[in-house]
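Peer 1: Have a look at this one.
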Amino acid sequence: MKPLEMADPGAQYRRLKVDVDAAVARVMASGRYILGPECETFETEMADYVGVGHALGCASGTDALQLALLAAGIGPGDEVITTPFTFGATAEAIRHCGGVPVFVDIDERTFNLDPERVEAAIGERTRAIVAVHLFGQPADMPALAGMAEKHGIDLIEDCAQSLGAEIGGRRTGAMGRAGCFSFFPSKNLGACGDGGLIVTGEERLAETVRMLRNHGQRPGDKVHEVVGYNSRLDELQAAILRVKLRHIEQFNGERRRAADCYRRRLRNSPLVLPFEDERGRHVYHQFTVLVPEGRREPIIQALHRRAIASAVYYPVPLHRQPAFQQHSPAEPLTVSERVARRCLSLPIFPGMTGEQIERVANCLLENV
Ligand SMILES: *Cc1c(COP(=O)(O)O)cnc(C)c1O
């Protein structure tokens, strides 16, 4: 049996090879490699896709978060509420601004911030909430946005896993003060290297990000107005991303169809399947199930014996990680810890066949 990997980023290139190769050749011949027309056009296309006024490319999703938080004015000592059940970059960005992450427990169904617990955690020093749309599942933005407004704090979206996801008729990235995207190769829209992007409806915030990403200079200016960074989306990546963005609806649709197929096959198993919020559209960056306590390791081994990859995202919540445990709250975050013990992500990617899903599902059904 051919090994089945978690994802197949190379397959997207093979499907779009003619157009991607032409885009690469165009940039190579142009002699413009940083901050040129490809990045600028991609920014316009992304702003239109997400449904916001402004988009700014940068070097990674991690930088997108940090630049957005800095531009929103997050600084030393500011408390920023976020989820412990996410990739470390979310909390890294908060720490690098001098902010203090306040980890709040998640909703067991969505794996995202639980709005009720968020509201209870808002205090004197809370300056912002960073909501993560984990695995492609939109966080409860209607509730979080209402809360941010009521308490006069910022809401920033970590959309690294959710490009194209929607809730309440709006795309993720369009509901917070800023939305932050990653184009890491395995993400729903993946570059052939690192890349990131910030979207915002606010012109002033966009101008601040534009300055911060390029050494604190305004375009065409040699004045370092603030201490900035070198964080740009290069022309090659932007040109490749422009080709892929034209197919994102197709690719996300294929992820959703693969998820449906898993759901039909696994409906009557003891596995807890991903929650589908009827207000929104999940884009299945991951298809993550909860397995019965104590069954994860044997299931992983059984899949492995049949050459099927699986992954645990995330085995240790951030408040238990050495880098962030000093920010561990007094109260235990029991839902995050239980989910971290039981979660298992299965292969999912555009172009995944019914046969491949069958293979995974059969092995699960026999071993759960
Ligand atoms: C991938 C990811 C990031 C970081 O993006 P990079 O482009 O790898 O820096 C941030 N947050 C989440 C939730 C991610 O999955």
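Convention: chains lettered A, B, ... in structure tokens order; per-chain residue numbering from 1; ligands numbered from 1 as shown.
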So that I can check the surroundings of Met147 (chain A), please list as an MDAnalysis selection string every protein, DNA and RNA residue that reaches within 12 Å of it, counting only C-alpha atoms and ignoring chain neighbours fewer than 2 positions away.
Peer 2: chainID A and resid 115:122 128:129 140:145 149:155 176
Peer 1: Just list as a PyMOL selection string whatever in region 94-236 of chain A DSSP marks as strand (DSSP E).
Peer 2: chain A and resi 100-103+126-132+154-158+166-167+170-171+178-182+196-200
Peer 1: May I have the residues from that selection written out with C-alpha atoms, as a short mmCIF file (atom, residue, chain, number, x, y, z; two decimals), in the first residue's frame?
Peer 2:
```
data_model
loop_
_atom_site.label_atom_id
_atom_site.label_comp_id
_atom_site.auth_asym_id
_atom_site.auth_seq_id
_atom_site.Cartn_x
_atom_site.Cartn_y
_atom_site.Cartn_z
CA VAL A 100 0.88 38.82 28.74
CA PRO A 101 -1.14 35.88 27.41
CA VAL A 102 -4.20 35.07 29.50
CA PHE A 103 -5.20 31.54 28.59
CA THR A 126 -7.21 43.27 29.29
CA ARG A 127 -6.38 45.02 26.04
CA ALA A 128 -7.24 42.43 23.41
CA ILE A 129 -8.55 39.00 22.51
CA VAL A 130 -6.74 36.85 19.95
CA ALA A 131 -9.29 34.39 18.58
CA VAL A 132 -7.92 31.38 16.69
CA ASP A 154 -9.43 44.77 20.48
CA LEU A 155 -10.28 41.53 18.74
CA ILE A 156 -7.57 40.08 16.50
CA GLU A 157 -8.14 36.95 14.40
CA ASP A 158 -5.54 34.21 13.93
CA GLU A 166 -17.13 31.80 7.34
CA ILE A 167 -19.46 32.53 10.20
CA ARG A 170 -18.61 36.77 6.77
CA ARG A 171 -15.19 35.34 6.09
CA ALA A 178 -7.23 42.69 12.06
CA GLY A 179 -6.99 39.19 10.62
CA CYS A 180 -3.71 37.31 10.30
CA PHE A 181 -3.01 34.66 7.67
CA SER A 182 -0.17 32.17 7.17
CA GLY A 196 1.90 35.77 5.81
CA LEU A 197 -0.64 38.57 5.46
CA ILE A 198 -2.60 40.99 7.63
CA VAL A 199 -6.07 42.23 6.67
CA THR A 200 -7.89 45.13 8.29
#
```
Peer 1: Neighbours of ligand 1 within 8 Å, counting only C-alpha atoms and all ligand atoms, as a PDB file with N, CA, C and O atoms, in the first residue's frame?
Peer 2:
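Dumped to out05.pdb:
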```
ATOM      1  N   ALA A  59       6.228  38.335   6.160  1.00  0.00           N
ATOM      2  CA  ALA A  59       7.104  37.175   5.977  1.00  0.00           C
ATOM      3  C   ALA A  59       6.538  35.849   6.482  1.00  0.00           C
ATOM      4  O   ALA A  59       6.995  34.789   6.064  1.00  0.00           O
ATOM      5  N   SER A  60       5.577  35.881   7.405  1.00  0.00           N
ATOM      6  CA  SER A  60       5.034  34.631   7.951  1.00  0.00           C
ATOM      7  C   SER A  60       3.736  34.927   8.694  1.00  0.00           C
ATOM      8  O   SER A  60       3.428  36.090   8.990  1.00  0.00           O
ATOM      9  N   GLY A  61       3.033  33.863   9.047  1.00  0.00           N
ATOM     10  CA  GLY A  61       1.833  34.025   9.858  1.00  0.00           C
ATOM     11  C   GLY A  61       2.169  34.534  11.253  1.00  0.00           C
ATOM     12  O   GLY A  61       1.412  35.308  11.846  1.00  0.00           O
ATOM     13  N   THR A  62       3.304  34.093  11.762  1.00  0.00           N
ATOM     14  CA  THR A  62       3.743  34.544  13.085  1.00  0.00           C
ATOM     15  C   THR A  62       3.981  36.054  13.071  1.00  0.00           C
ATOM     16  O   THR A  62       3.537  36.776  13.971  1.00  0.00           O
ATOM     17  N   ASP A  63       4.662  36.529  12.026  1.00  0.00           N
ATOM     18  CA  ASP A  63       4.894  37.969  11.901  1.00  0.00           C
ATOM     19  C   ASP A  63       3.582  38.720  11.716  1.00  0.00           C
ATOM     20  O   ASP A  63       3.414  39.828  12.233  1.00  0.00           O
ATOM     21  N   ALA A  64       2.651  38.124  10.962  1.00  0.00           N
ATOM     22  CA  ALA A  64       1.360  38.784  10.754  1.00  0.00           C
ATOM     23  C   ALA A  64       0.701  39.073  12.106  1.00  0.00           C
ATOM     24  O   ALA A  64       0.206  40.174  12.353  1.00  0.00           O
ATOM     25  N   LEU A  65       0.750  38.097  13.006  1.00  0.00           N
ATOM     26  CA  LEU A  65       0.156  38.272  14.335  1.00  0.00           C
ATOM     27  C   LEU A  65       0.897  39.359  15.109  1.00  0.00           C
ATOM     28  O   LEU A  65       0.292  40.234  15.727  1.00  0.00           O
ATOM     29  N   THR A  86      -3.738  25.809  20.709  1.00  0.00           N
ATOM     30  CA  THR A  86      -3.356  26.385  19.420  1.00  0.00           C
ATOM     31  C   THR A  86      -1.876  26.123  19.208  1.00  0.00           C
ATOM     32  O   THR A  86      -1.190  25.614  20.099  1.00  0.00           O
ATOM     33  N   PHE A  87      -1.383  26.501  18.033  1.00  0.00           N
ATOM     34  CA  PHE A  87       0.044  26.430  17.762  1.00  0.00           C
ATOM     35  C   PHE A  87       0.742  27.545  18.560  1.00  0.00           C
ATOM     36  O   PHE A  87       0.170  28.616  18.771  1.00  0.00           O
ATOM     37  N   GLY A  88       1.980  27.280  18.988  1.00  0.00           N
ATOM     38  CA  GLY A  88       2.714  28.207  19.852  1.00  0.00           C
ATOM     39  C   GLY A  88       2.857  29.617  19.321  1.00  0.00           C
ATOM     40  O   GLY A  88       2.988  30.568  20.107  1.00  0.00           O
ATOM     41  N   ALA A  89       2.807  29.779  17.995  1.00  0.00           N
ATOM     42  CA  ALA A  89       3.008  31.106  17.405  1.00  0.00           C
ATOM     43  C   ALA A  89       2.008  32.134  17.932  1.00  0.00           C
ATOM     44  O   ALA A  89       2.338  33.322  18.056  1.00  0.00           O
ATOM     45  N   THR A  90       0.792  31.700  18.243  1.00  0.00           N
ATOM     46  CA  THR A  90      -0.231  32.645  18.715  1.00  0.00           C
ATOM     47  C   THR A  90       0.254  33.350  19.983  1.00  0.00           C
ATOM     48  O   THR A  90       0.181  34.585  20.088  1.00  0.00           O
ATOM     49  N   VAL A 132      -8.508  32.268  17.698  1.00  0.00           N
ATOM     50  CA  VAL A 132      -7.921  31.380  16.690  1.00  0.00           C
ATOM     51  C   VAL A 132      -9.055  30.548  16.093  1.00  0.00           C
ATOM     52  O   VAL A 132      -9.898  30.035  16.834  1.00  0.00           O
ATOM     53  N   HIS A 133      -9.074  30.458  14.776  1.00  0.00           N
ATOM     54  CA  HIS A 133     -10.074  29.607  14.098  1.00  0.00           C
ATOM     55  C   HIS A 133      -9.393  28.274  13.838  1.00  0.00           C
ATOM     56  O   HIS A 133      -8.904  28.012  12.739  1.00  0.00           O
ATOM     57  N   LEU A 134      -9.374  27.440  14.870  1.00  0.00           N
ATOM     58  CA  LEU A 134      -8.528  26.246  14.820  1.00  0.00           C
ATOM     59  C   LEU A 134      -9.059  25.172  13.878  1.00  0.00           C
ATOM     60  O   LEU A 134     -10.257  24.881  13.872  1.00  0.00           O
ATOM     61  N   PHE A 135      -8.151  24.594  13.147  1.00  0.00           N
ATOM     62  CA  PHE A 135      -8.443  23.485  12.216  1.00  0.00           C
ATOM     63  C   PHE A 135      -9.378  23.901  11.071  1.00  0.00           C
ATOM     64  O   PHE A 135      -9.908  23.054  10.369  1.00  0.00           O
ATOM     65  N   ASP A 158      -6.595  35.074  14.453  1.00  0.00           N
ATOM     66  CA  ASP A 158      -5.542  34.206  13.931  1.00  0.00           C
ATOM     67  C   ASP A 158      -6.210  33.271  12.929  1.00  0.00           C
ATOM     68  O   ASP A 158      -6.844  32.284  13.298  1.00  0.00           O
ATOM     69  N   CYS A 159      -6.057  33.640  11.648  1.00  0.00           N
ATOM     70  CA  CYS A 159      -6.715  32.908  10.548  1.00  0.00           C
ATOM     71  C   CYS A 159      -5.746  31.968   9.842  1.00  0.00           C
ATOM     72  O   CYS A 159      -5.988  31.573   8.695  1.00  0.00           O
ATOM     73  N   ALA A 160      -4.665  31.596  10.518  1.00  0.00           N
ATOM     74  CA  ALA A 160      -3.623  30.779   9.874  1.00  0.00           C
ATOM     75  C   ALA A 160      -4.186  29.478   9.316  1.00  0.00           C
ATOM     76  O   ALA A 160      -3.692  28.963   8.318  1.00  0.00           O
ATOM     77  N   GLN A 161      -5.233  28.947   9.964  1.00  0.00           N
ATOM     78  CA  GLN A 161      -5.786  27.663   9.527  1.00  0.00           C
ATOM     79  C   GLN A 161      -7.165  27.819   8.884  1.00  0.00           C
ATOM     80  O   GLN A 161      -7.843  26.818   8.653  1.00  0.00           O
ATOM     81  N   PHE A 181      -3.063  35.896   8.448  1.00  0.00           N
ATOM     82  CA  PHE A 181      -3.014  34.659   7.667  1.00  0.00           C
ATOM     83  C   PHE A 181      -1.584  34.143   7.557  1.00  0.00           C
ATOM     84  O   PHE A 181      -0.635  34.919   7.581  1.00  0.00           O
ATOM     85  N   SER A 182      -1.459  32.826   7.407  1.00  0.00           N
ATOM     86  CA  SER A 182      -0.171  32.171   7.166  1.00  0.00           C
ATOM     87  C   SER A 182      -0.248  31.435   5.841  1.00  0.00           C
ATOM     88  O   SER A 182      -1.274  30.822   5.528  1.00  0.00           O
ATOM     89  N   PHE A 183       0.846  31.491   5.091  1.00  0.00           N
ATOM     90  CA  PHE A 183       0.919  30.722   3.841  1.00  0.00           C
ATOM     91  C   PHE A 183       1.971  29.634   3.926  1.00  0.00           C
ATOM     92  O   PHE A 183       2.545  29.229   2.925  1.00  0.00           O
ATOM     93  N   PHE A 184       2.231  29.154   5.142  1.00  0.00           N
ATOM     94  CA  PHE A 184       3.085  27.986   5.336  1.00  0.00           C
ATOM     95  C   PHE A 184       2.582  26.906   4.363  1.00  0.00           C
ATOM     96  O   PHE A 184       1.366  26.779   4.159  1.00  0.00           O
ATOM     97  N   LYS A 187      -0.738  24.955   4.804  1.00  0.00           N
ATOM     98  CA  LYS A 187      -2.002  25.639   5.111  1.00  0.00           C
ATOM     99  C   LYS A 187      -2.944  25.560   3.904  1.00  0.00           C
ATOM    100  O   LYS A 187      -2.536  25.176   2.812  1.00  0.00           O
ATOM    101  N   ASP A 194       7.888  30.413   3.228  1.00  0.00           N
ATOM    102  CA  ASP A 194       7.109  31.116   4.249  1.00  0.00           C
ATOM    103  C   ASP A 194       6.413  32.338   3.666  1.00  0.00           C
ATOM    104  O   ASP A 194       6.882  32.941   2.704  1.00  0.00           O
ATOM    105  N   GLY A 195       5.314  32.712   4.303  1.00  0.00           N
ATOM    106  CA  GLY A 195       4.615  33.930   3.922  1.00  0.00           C
ATOM    107  C   GLY A 195       3.467  34.176   4.873  1.00  0.00           C
ATOM    108  O   GLY A 195       2.993  33.249   5.542  1.00  0.00           O
ATOM    109  N   GLY A 196       3.035  35.425   4.953  1.00  0.00           N
ATOM    110  CA  GLY A 196       1.903  35.767   5.810  1.00  0.00           C
ATOM    111  C   GLY A 196       1.238  37.028   5.304  1.00  0.00           C
ATOM    112  O   GLY A 196       1.722  37.662   4.351  1.00  0.00           O
TER     113      GLY A 196
END
```
Peer 1: Write out as a ChimeraX atom specification all residues of region 92-268 of chain A that backbone DSSP assigns to alpha helix (DSSP H).
Peer 2: /A:92-96,115-121,141-151,203-212,235-245,248-266
Peer 1: Residues at most 9 Å from region 7-21 of chain A, counting only C-alpha atoms, excluding those fewer than 6 positions away in the same chain, as number ranges by chain?
Peer 2: A: 185-187, 190, 192, 239-241, 243-244, 251, 347-351
Peer 1: In Å, with one decimal, what is the gap from CA of Phe111 (chain A) to CA of Ala165 (chain A)?
Peer 2: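 Going from CA of Phe111 (chain A) over to CA of Ala165 (chain A) covers 15.1 Å.
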Peer 1: With only C-alpha atoms as the atoms that count, which of A:Ala22, A:Pro84, A:Tyr229, A:Phe287 lies nearest to Gln325 (chain A)?
Peer 2: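 Of the candidates, the smallest distance to Gln325 (chain A) is held by A:Pro84.
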Peer 1: Please indicate the distance in Å from CA of Asn188 (chain A) to CA of Tyr313 (chain A), rounded to one decimal place.
Peer 2: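 Going from CA of Asn188 (chain A) over to CA of Tyr313 (chain A) covers 16.1 Å.
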Peer 1: Please identify all polymer residues within 6 Å of Leu290 (chain A), counting only C-alpha atoms, omitting same-chain residues fewer than 3 positions from it, and present them as a short mmCIF file (atom, residue, chain, number, x, y, z; two decimals) with all heavy atoms, in the first residue's frame.
Peer 2:
```cif
data_model
loop_
_atom_site.label_atom_id
_atom_site.label_comp_id
_atom_site.auth_asym_id
_atom_site.auth_seq_id
_atom_site.Cartn_x
_atom_site.Cartn_y
_atom_site.Cartn_z
N LEU A 271 -16.09 7.57 18.02
CA LEU A 271 -15.30 8.79 17.82
C LEU A 271 -16.21 10.02 17.86
O LEU A 271 -17.33 9.96 17.34
CB LEU A 271 -14.59 8.74 16.47
CG LEU A 271 -13.63 7.57 16.23
CD1 LEU A 271 -13.21 7.54 14.77
CD2 LEU A 271 -12.42 7.70 17.15
N VAL A 272 -15.72 11.10 18.45
CA VAL A 272 -16.46 12.37 18.38
C VAL A 272 -15.96 13.10 17.13
O VAL A 272 -14.77 13.39 17.00
CB VAL A 272 -16.22 13.24 19.63
CG1 VAL A 272 -16.98 14.56 19.51
CG2 VAL A 272 -16.64 12.47 20.89
N ARG A 342 -7.21 13.57 24.01
CA ARG A 342 -8.06 12.71 23.17
C ARG A 342 -8.05 13.03 21.68
O ARG A 342 -8.58 12.27 20.88
CB ARG A 342 -9.52 12.82 23.67
CG ARG A 342 -9.74 12.26 25.06
CD ARG A 342 -11.21 12.34 25.45
NE ARG A 342 -12.09 11.71 24.47
CZ ARG A 342 -13.40 11.89 24.39
NH1 ARG A 342 -14.01 12.70 25.24
NH2 ARG A 342 -14.11 11.28 23.47
N CYS A 343 -7.46 14.18 21.29
CA CYS A 343 -7.57 14.59 19.88
C CYS A 343 -6.66 13.80 18.97
O CYS A 343 -5.56 13.39 19.36
CB CYS A 343 -7.27 16.08 19.75
SG CYS A 343 -5.61 16.53 20.28
#
```
Peer 1: Between A:Leu113, A:Leu236, A:Leu205, A:Ala174, which has the minimum distance to Leu333 (chain A) (counting only C-alpha atoms)?
Peer 2: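 Checking each of A:Leu113, A:Leu236, A:Leu205, A:Ala174 against Leu333 (chain A), counting only C-alpha atoms, the winner is A:Leu113.
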Peer 1: Quick check, in Å to one decimal: how far apart do CA of Gln217 (chain A) and CA of Thr44 (chain A) lie?
Peer 2: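 Taking CA of Gln217 (chain A) as the start and CA of Thr44 (chain A) as the end point, the length is 21.1 Å.
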Peer 1: Restricting the calculation to only C-alpha atoms: of A:Val335, A:Leu189, A:Ala139, A:Leu364, which residue gets closest to Gly168 (chain A)?
Peer 2: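 So, comparing all the options, the nearest one is A:Ala139.
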